[in-house]
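Below is one structure, written out as structure tokens; comments come after it.
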Amino acid sequence: MSSSPSWEKSMATWEGIQEAHERIAPRIHQTPVLRSATIDALCGAEIFFKCENLQKTGSFKIRGAANAIFSLPEKEAERGIITQSSGNHGAAIACAAAWRRVPAWIVMPKNAPLVKCQAVEAYGGKITFCEPRISARNEAAARVQSETGAVMIDPYDDDRIIAGQATAAKELLEEVGTLDAVLAPVSGGGLLGGTCLSAKQLQPEIRVYGCEPAKADDAYRSLQTGTIQTMDSSDTIADGLRASLAPRTFAILQKHLSAIFLVTEEEIIGAMKLIWGRLKVITEPSSAIALAPLLKPEVVQTISRGGAGSARPRIGVILSGGNVDLRALPF
């Protein structure tokens with residue numbers, strides 16, 4: 001499928017990704033890459049987990065938020081920042097805004113996890129709650145922007161955000177070397193799109209796969225139909241994956257993504273329990289989803305066939321976040 005030429009011109013560039021990494025490196029963690037012999041054996045592959053669940057604010061989102069906010073000219077930044085988020089992006093924007101000493105207004109669905117709301121407030125963000133629909137989030141954000149005059153930073157449809165998120169895969173590949181494939185969650189597509197750009201720049205033959213809940217399969221359907229499909233609301237346990245692709249991220253995925261793997265709620269929970277038990281780190285459902293497809297032998301076989309024929313493919317998994325309410329675990 002071909003992407004829209006007008007959006008093709010707006011894609012984040014490798015130069016922009018390198019500049020983003022230089023800009024944010026002093027402010028973020030270079031997160032560790034963890035391994036588990038047990039998980040390797042279960043998957044029949046060598047798995048390299050890039051642990052963005054151990055990142056500042058508890059997710060990869062601080063990468064894009066810091067890049068976007070510290071890219072702003074002073075006169076724009078002093079107006080403050082407005083965004084909409086299911087949680088992790090909002091916390092990251094609030095944190096980066098506090099670093100730059102400017103106010104941040106965050107529109108969040110009223111069913112957002114308490115732990116994520118508390119994080120936004122802890123970083124100084126001012127929350128406006130709305131109905132749990134994408135359309136309601138966008139409408140509320142536009143209203144707050146009109147009232148405050150703040151600068152809108154979209155969670156996904158922004159080259160600065162995409163370039164910042166791309167630095168996670170850049171670090172992973174620079175640390176571990178050649179991989180057959182990389183898997184990452186997909187919602188609005190900022191992380192997955194950025195992963196595609198870094199991975200294909202550093203290793204042109206690598207394959208990048210998205211992971212999405214079957215109950216929120218709008219990205220999968222978008223790539224199948226060639227047109228952005230939306231889902232105004234969803235009750236998937238992966239609360240961070242309830243958004244839809246944006247024009248920029250859709251164009252990147254059309255050009256670079258190998259496929260999207262759909263997984264059930266039960267498979268997400270199983271992967272989450274396995275990560276907690278074997279890696280000894282906390283991941284939220286939206287993060288654990290990136291391991292879930294690899295627990296299916298047919299998926300690993302597909303990746304093996306697409307590579308150099310290795311019996312045990314080398315696969316990167318980006319664990320996107322670890323902000324989970326410990327009082328409301330799904331297991």
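We label chains A, B, ... in the order they appear in the structure tokens, count residues from 1 in each chain, and number ligands from 1 in the order shown.
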
> If we count only C-alpha atoms, what is near region 176-182 of chain A at a cut-off of 9 Å, once residues fewer than 3 positions away on the same chain are taken out, given as a list in words?
Replying inline: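 Near region 176-182 of chain A, the qualifying residues are Val33, Phe48, Ala169, Glu171, Leu172, Leu173, Thr195, Cys196, Ala199, Gln203, Glu205, Ile206, Arg207, Val208, Tyr209, Gly210, Ile303, Ser304, Gly306, Gly307, Ala308, Pro313, Arg314, Ile315, Gly316, Val317 and Ile318 of chain A.
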
Take the residues from that selection and write them out as a PDB file, in the first residue's frame, keeping N, CA and C atoms.
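Result file follows (out_24.pdb):
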```pdb
ATOM      1  N   VAL A  33      18.405  -3.513  28.765  1.00  0.00           N
ATOM      2  CA  VAL A  33      17.872  -4.597  27.947  1.00  0.00           C
ATOM      3  C   VAL A  33      18.000  -5.881  28.764  1.00  0.00           C
ATOM      4  N   PHE A  48      15.128 -10.010  23.369  1.00  0.00           N
ATOM      5  CA  PHE A  48      15.819  -8.893  24.009  1.00  0.00           C
ATOM      6  C   PHE A  48      14.768  -7.854  24.391  1.00  0.00           C
ATOM      7  N   ALA A 169      14.066   2.395  20.121  1.00  0.00           N
ATOM      8  CA  ALA A 169      14.579   1.357  19.220  1.00  0.00           C
ATOM      9  C   ALA A 169      16.019   1.648  18.810  1.00  0.00           C
ATOM     10  N   GLU A 171      18.356   2.992  20.647  1.00  0.00           N
ATOM     11  CA  GLU A 171      19.199   2.502  21.738  1.00  0.00           C
ATOM     12  C   GLU A 171      19.278   0.978  21.741  1.00  0.00           C
ATOM     13  N   LEU A 172      18.129   0.332  21.546  1.00  0.00           N
ATOM     14  CA  LEU A 172      18.091  -1.130  21.562  1.00  0.00           C
ATOM     15  C   LEU A 172      19.032  -1.717  20.514  1.00  0.00           C
ATOM     16  N   LEU A 173      18.931  -1.256  19.289  1.00  0.00           N
ATOM     17  CA  LEU A 173      19.722  -1.830  18.200  1.00  0.00           C
ATOM     18  C   LEU A 173      21.197  -1.470  18.326  1.00  0.00           C
ATOM     19  N   THR A 195       9.738   3.301  15.950  1.00  0.00           N
ATOM     20  CA  THR A 195      10.518   2.070  15.914  1.00  0.00           C
ATOM     21  C   THR A 195      10.825   1.671  14.475  1.00  0.00           C
ATOM     22  N   CYS A 196       9.845   1.786  13.593  1.00  0.00           N
ATOM     23  CA  CYS A 196      10.071   1.494  12.178  1.00  0.00           C
ATOM     24  C   CYS A 196      11.181   2.368  11.608  1.00  0.00           C
ATOM     25  N   ALA A 199      14.661   1.425  13.213  1.00  0.00           N
ATOM     26  CA  ALA A 199      15.069   0.070  12.867  1.00  0.00           C
ATOM     27  C   ALA A 199      15.472  -0.038  11.398  1.00  0.00           C
ATOM     28  N   GLN A 203      19.112  -1.044  10.387  1.00  0.00           N
ATOM     29  CA  GLN A 203      19.179  -2.401   9.825  1.00  0.00           C
ATOM     30  C   GLN A 203      18.084  -2.545   8.767  1.00  0.00           C
ATOM     31  N   GLU A 205      17.159  -4.587   6.601  1.00  0.00           N
ATOM     32  CA  GLU A 205      16.485  -5.864   6.371  1.00  0.00           C
ATOM     33  C   GLU A 205      15.635  -6.319   7.554  1.00  0.00           C
ATOM     34  N   ILE A 206      15.682  -5.603   8.651  1.00  0.00           N
ATOM     35  CA  ILE A 206      14.932  -6.006   9.841  1.00  0.00           C
ATOM     36  C   ILE A 206      13.437  -5.896   9.567  1.00  0.00           C
ATOM     37  N   ARG A 207      12.650  -6.726  10.244  1.00  0.00           N
ATOM     38  CA  ARG A 207      11.196  -6.628  10.160  1.00  0.00           C
ATOM     39  C   ARG A 207      10.636  -6.068  11.463  1.00  0.00           C
ATOM     40  N   VAL A 208       9.658  -5.196  11.342  1.00  0.00           N
ATOM     41  CA  VAL A 208       9.025  -4.584  12.504  1.00  0.00           C
ATOM     42  C   VAL A 208       7.557  -4.997  12.523  1.00  0.00           C
ATOM     43  N   TYR A 209       7.102  -5.444  13.686  1.00  0.00           N
ATOM     44  CA  TYR A 209       5.726  -5.903  13.847  1.00  0.00           C
ATOM     45  C   TYR A 209       5.040  -5.112  14.955  1.00  0.00           C
ATOM     46  N   GLY A 210       3.769  -4.824  14.737  1.00  0.00           N
ATOM     47  CA  GLY A 210       2.963  -4.206  15.775  1.00  0.00           C
ATOM     48  C   GLY A 210       2.162  -5.256  16.521  1.00  0.00           C
ATOM     49  N   ILE A 303       8.349 -15.409  11.741  1.00  0.00           N
ATOM     50  CA  ILE A 303       9.505 -14.521  11.818  1.00  0.00           C
ATOM     51  C   ILE A 303      10.761 -15.236  11.336  1.00  0.00           C
ATOM     52  N   SER A 304      10.917 -16.502  11.695  1.00  0.00           N
ATOM     53  CA  SER A 304      12.086 -17.282  11.265  1.00  0.00           C
ATOM     54  C   SER A 304      12.136 -17.418   9.744  1.00  0.00           C
ATOM     55  N   GLY A 306      10.912 -15.456   7.582  1.00  0.00           N
ATOM     56  CA  GLY A 306      11.161 -14.169   6.936  1.00  0.00           C
ATOM     57  C   GLY A 306      12.581 -13.695   7.075  1.00  0.00           C
ATOM     58  N   GLY A 307      13.371 -14.361   7.917  1.00  0.00           N
ATOM     59  CA  GLY A 307      14.744 -13.933   8.148  1.00  0.00           C
ATOM     60  C   GLY A 307      15.742 -14.763   7.385  1.00  0.00           C
ATOM     61  N   ALA A 308      16.869 -14.977   8.047  1.00  0.00           N
ATOM     62  CA  ALA A 308      17.957 -15.699   7.382  1.00  0.00           C
ATOM     63  C   ALA A 308      17.842 -17.206   7.558  1.00  0.00           C
ATOM     64  N   PRO A 313      15.480 -17.206  16.010  1.00  0.00           N
ATOM     65  CA  PRO A 313      15.631 -15.817  15.597  1.00  0.00           C
ATOM     66  C   PRO A 313      15.913 -14.900  16.795  1.00  0.00           C
ATOM     67  N   ARG A 314      16.618 -13.821  16.519  1.00  0.00           N
ATOM     68  CA  ARG A 314      16.892 -12.787  17.521  1.00  0.00           C
ATOM     69  C   ARG A 314      15.823 -11.704  17.380  1.00  0.00           C
ATOM     70  N   ILE A 315      15.070 -11.502  18.466  1.00  0.00           N
ATOM     71  CA  ILE A 315      13.891 -10.630  18.398  1.00  0.00           C
ATOM     72  C   ILE A 315      13.934  -9.602  19.521  1.00  0.00           C
ATOM     73  N   GLY A 316      13.748  -8.343  19.172  1.00  0.00           N
ATOM     74  CA  GLY A 316      13.633  -7.286  20.161  1.00  0.00           C
ATOM     75  C   GLY A 316      12.178  -7.060  20.537  1.00  0.00           C
ATOM     76  N   VAL A 317      11.923  -6.832  21.815  1.00  0.00           N
ATOM     77  CA  VAL A 317      10.581  -6.536  22.318  1.00  0.00           C
ATOM     78  C   VAL A 317      10.664  -5.249  23.130  1.00  0.00           C
ATOM     79  N   ILE A 318       9.887  -4.262  22.751  1.00  0.00           N
ATOM     80  CA  ILE A 318       9.874  -3.012  23.504  1.00  0.00           C
ATOM     81  C   ILE A 318       8.761  -3.070  24.543  1.00  0.00           C
TER      82      ILE A 318
END
```

Could you pull the residues within 8 Å of Val186 (chain A), counting only C-alpha atoms, minus those fewer than 6 positions along the same chain, as a PDB file with C-alpha atoms, in the first residue's frame?
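Contents of around_23.pdb, freshly written:
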```
ATOM      1  CA  LEU A 192       5.629   1.779  16.499  1.00  0.00           C
ATOM      2  CA  GLY A 210       2.963  -4.206  15.775  1.00  0.00           C
ATOM      3  CA  CYS A 211       0.984  -5.855  18.584  1.00  0.00           C
ATOM      4  CA  GLU A 212      -2.639  -4.901  19.151  1.00  0.00           C
ATOM      5  CA  ALA A 219      -4.661  -0.242  13.384  1.00  0.00           C
ATOM      6  CA  LEU A 241      -3.941   1.131  23.436  1.00  0.00           C
TER       7      LEU A 241
END
```

>> Rounded to one decimal, what separation in Å do you get between CA of Gly226 (chain A) and CA of Gln165 (chain A)?
In response: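 Atom-to-atom, CA of Gly226 (chain A) to CA of Gln165 (chain A), that is 24.1 Å.
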
>> I need the residues of region 74-145 of chain A that end up classed as helix (DSSP H, G or I) by DSSP on the backbone, written out as a PyMOL selection string.
In response: chain A and resi 74-77+88-99+114-122+134-145

>> Just want the 10 Å neighbourhood of Gln224 (chain A), counted on only C-alpha atoms, with same-chain residues fewer than 6 positions away dropped. Output as a list in words.
In response: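 Using only C-alpha atoms, the neighbours found are Met1, Asp218, Gln254, Ala259 and Ile260 of chain A.
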
>> Which residues are near Ser36 (chain A)? Cut-off 12 Å, only C-alpha atoms, ignore same chain within fewer than 3 positions. Put them as an MDAnalysis selection string.
In response: chainID A and resid 33 39:49 274:281

Determine, for each residue of region 246-270 of chain A having at least one atom at most 7 Å from an atom of region 144-161 of chain A, the closest pair of atoms and their separation in Å to one decimal, counting only C-alpha atoms; order by chain and ascending number, as a tab-separated table.
```
residue	atom	partner	partner_atom	distance
A:Ala246	CA	A:Asp157	CA	5.4
A:Pro247	CA	A:Asp157	CA	6.7
A:Arg248	CA	A:Asp157	CA	5.6
A:Thr249	CA	A:Asp157	CA	6.7
```

> Contacts of His21 (chain A) at 9 Å or less, counting only C-alpha atoms, minus same-chain residues fewer than 6 places along, as JSON, numbers by chain?
Replying inline: {"A": [63, 67, 163, 164, 166, 167, 170]}

Using the selection just defined, write its residues with N, CA and C atoms as an mmCIF file, in the first residue's frame.
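What follows is the written file part07.cif:
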```
data_model
loop_
_atom_site.group_PDB
_atom_site.id
_atom_site.type_symbol
_atom_site.label_atom_id
_atom_site.label_comp_id
_atom_site.auth_asym_id
_atom_site.auth_seq_id
_atom_site.Cartn_x
_atom_site.Cartn_y
_atom_site.Cartn_z
ATOM 1 N N ARG A 63 10.132 10.292 26.240
ATOM 2 C CA ARG A 63 11.051 10.562 25.130
ATOM 3 C C ARG A 63 10.431 11.584 24.168
ATOM 4 N N ASN A 67 11.210 15.732 23.934
ATOM 5 C CA ASN A 67 11.693 16.269 22.660
ATOM 6 C C ASN A 67 10.780 17.379 22.155
ATOM 7 N N ALA A 163 9.844 11.306 16.565
ATOM 8 C CA ALA A 163 11.313 11.268 16.629
ATOM 9 C C ALA A 163 11.787 10.910 18.032
ATOM 10 N N GLY A 164 11.122 11.450 19.036
ATOM 11 C CA GLY A 164 11.497 11.111 20.410
ATOM 12 C C GLY A 164 11.254 9.650 20.719
ATOM 13 N N ALA A 166 11.227 7.255 18.688
ATOM 14 C CA ALA A 166 12.137 6.443 17.871
ATOM 15 C C ALA A 166 13.457 6.166 18.563
ATOM 16 N N THR A 167 13.802 6.963 19.564
ATOM 17 C CA THR A 167 15.098 6.780 20.226
ATOM 18 C C THR A 167 15.162 5.509 21.056
ATOM 19 N N LYS A 170 16.348 2.900 18.650
ATOM 20 C CA LYS A 170 17.734 3.284 18.321
ATOM 21 C C LYS A 170 18.687 2.768 19.388
#
```

> Mind pulling up the distance from CA of Leu197 (chain A) to CA of Arg23 (chain A)?
Replying inline: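 Going from CA of Arg23 (chain A) over to CA of Leu197 (chain A) covers 18.1 Å.
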
>> Report, in Å to a single decimal, how far apart CA of Ala20 (chain A) and CA of Trp105 (chain A) are.
In response: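 Interatomic distance here is 23.4 Å.
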
>> Can you pull out the residues contacting Ile62 (chain A)? Cut-off 6 Å, using only C-alpha atoms, and skip same-chain residues under 3 positions away; I want them as JSON, numbers by chain.
In response: {"A": [65, 66, 92]}

>> Taking only C-alpha atoms into account, name the residue in A:Pro132, A:Pro185, A:Pro285, A:Gly125 that is nearest to Trp99 (chain A).
In response: A:Gly125

> Excluding same-chain residues fewer than 2 positions from region 231-237 of chain A, what lies within 7 Å of it counting only C-alpha atoms, as a list in words?
Replying inline: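 The filter keeps Pro132, Arg133, Ile134, Ser135, Pro213, Lys215, Ala216, Asp218, Gln229, Asp239, Arg242, Ser244, Glu265 and Pro285 of chain A.
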
> Nearest to Gly322 (chain A): which of A:Ser187, A:Gln201, A:Thr83, A:Ser286 is it, counting only C-alpha atoms?
Replying inline: A:Ser286
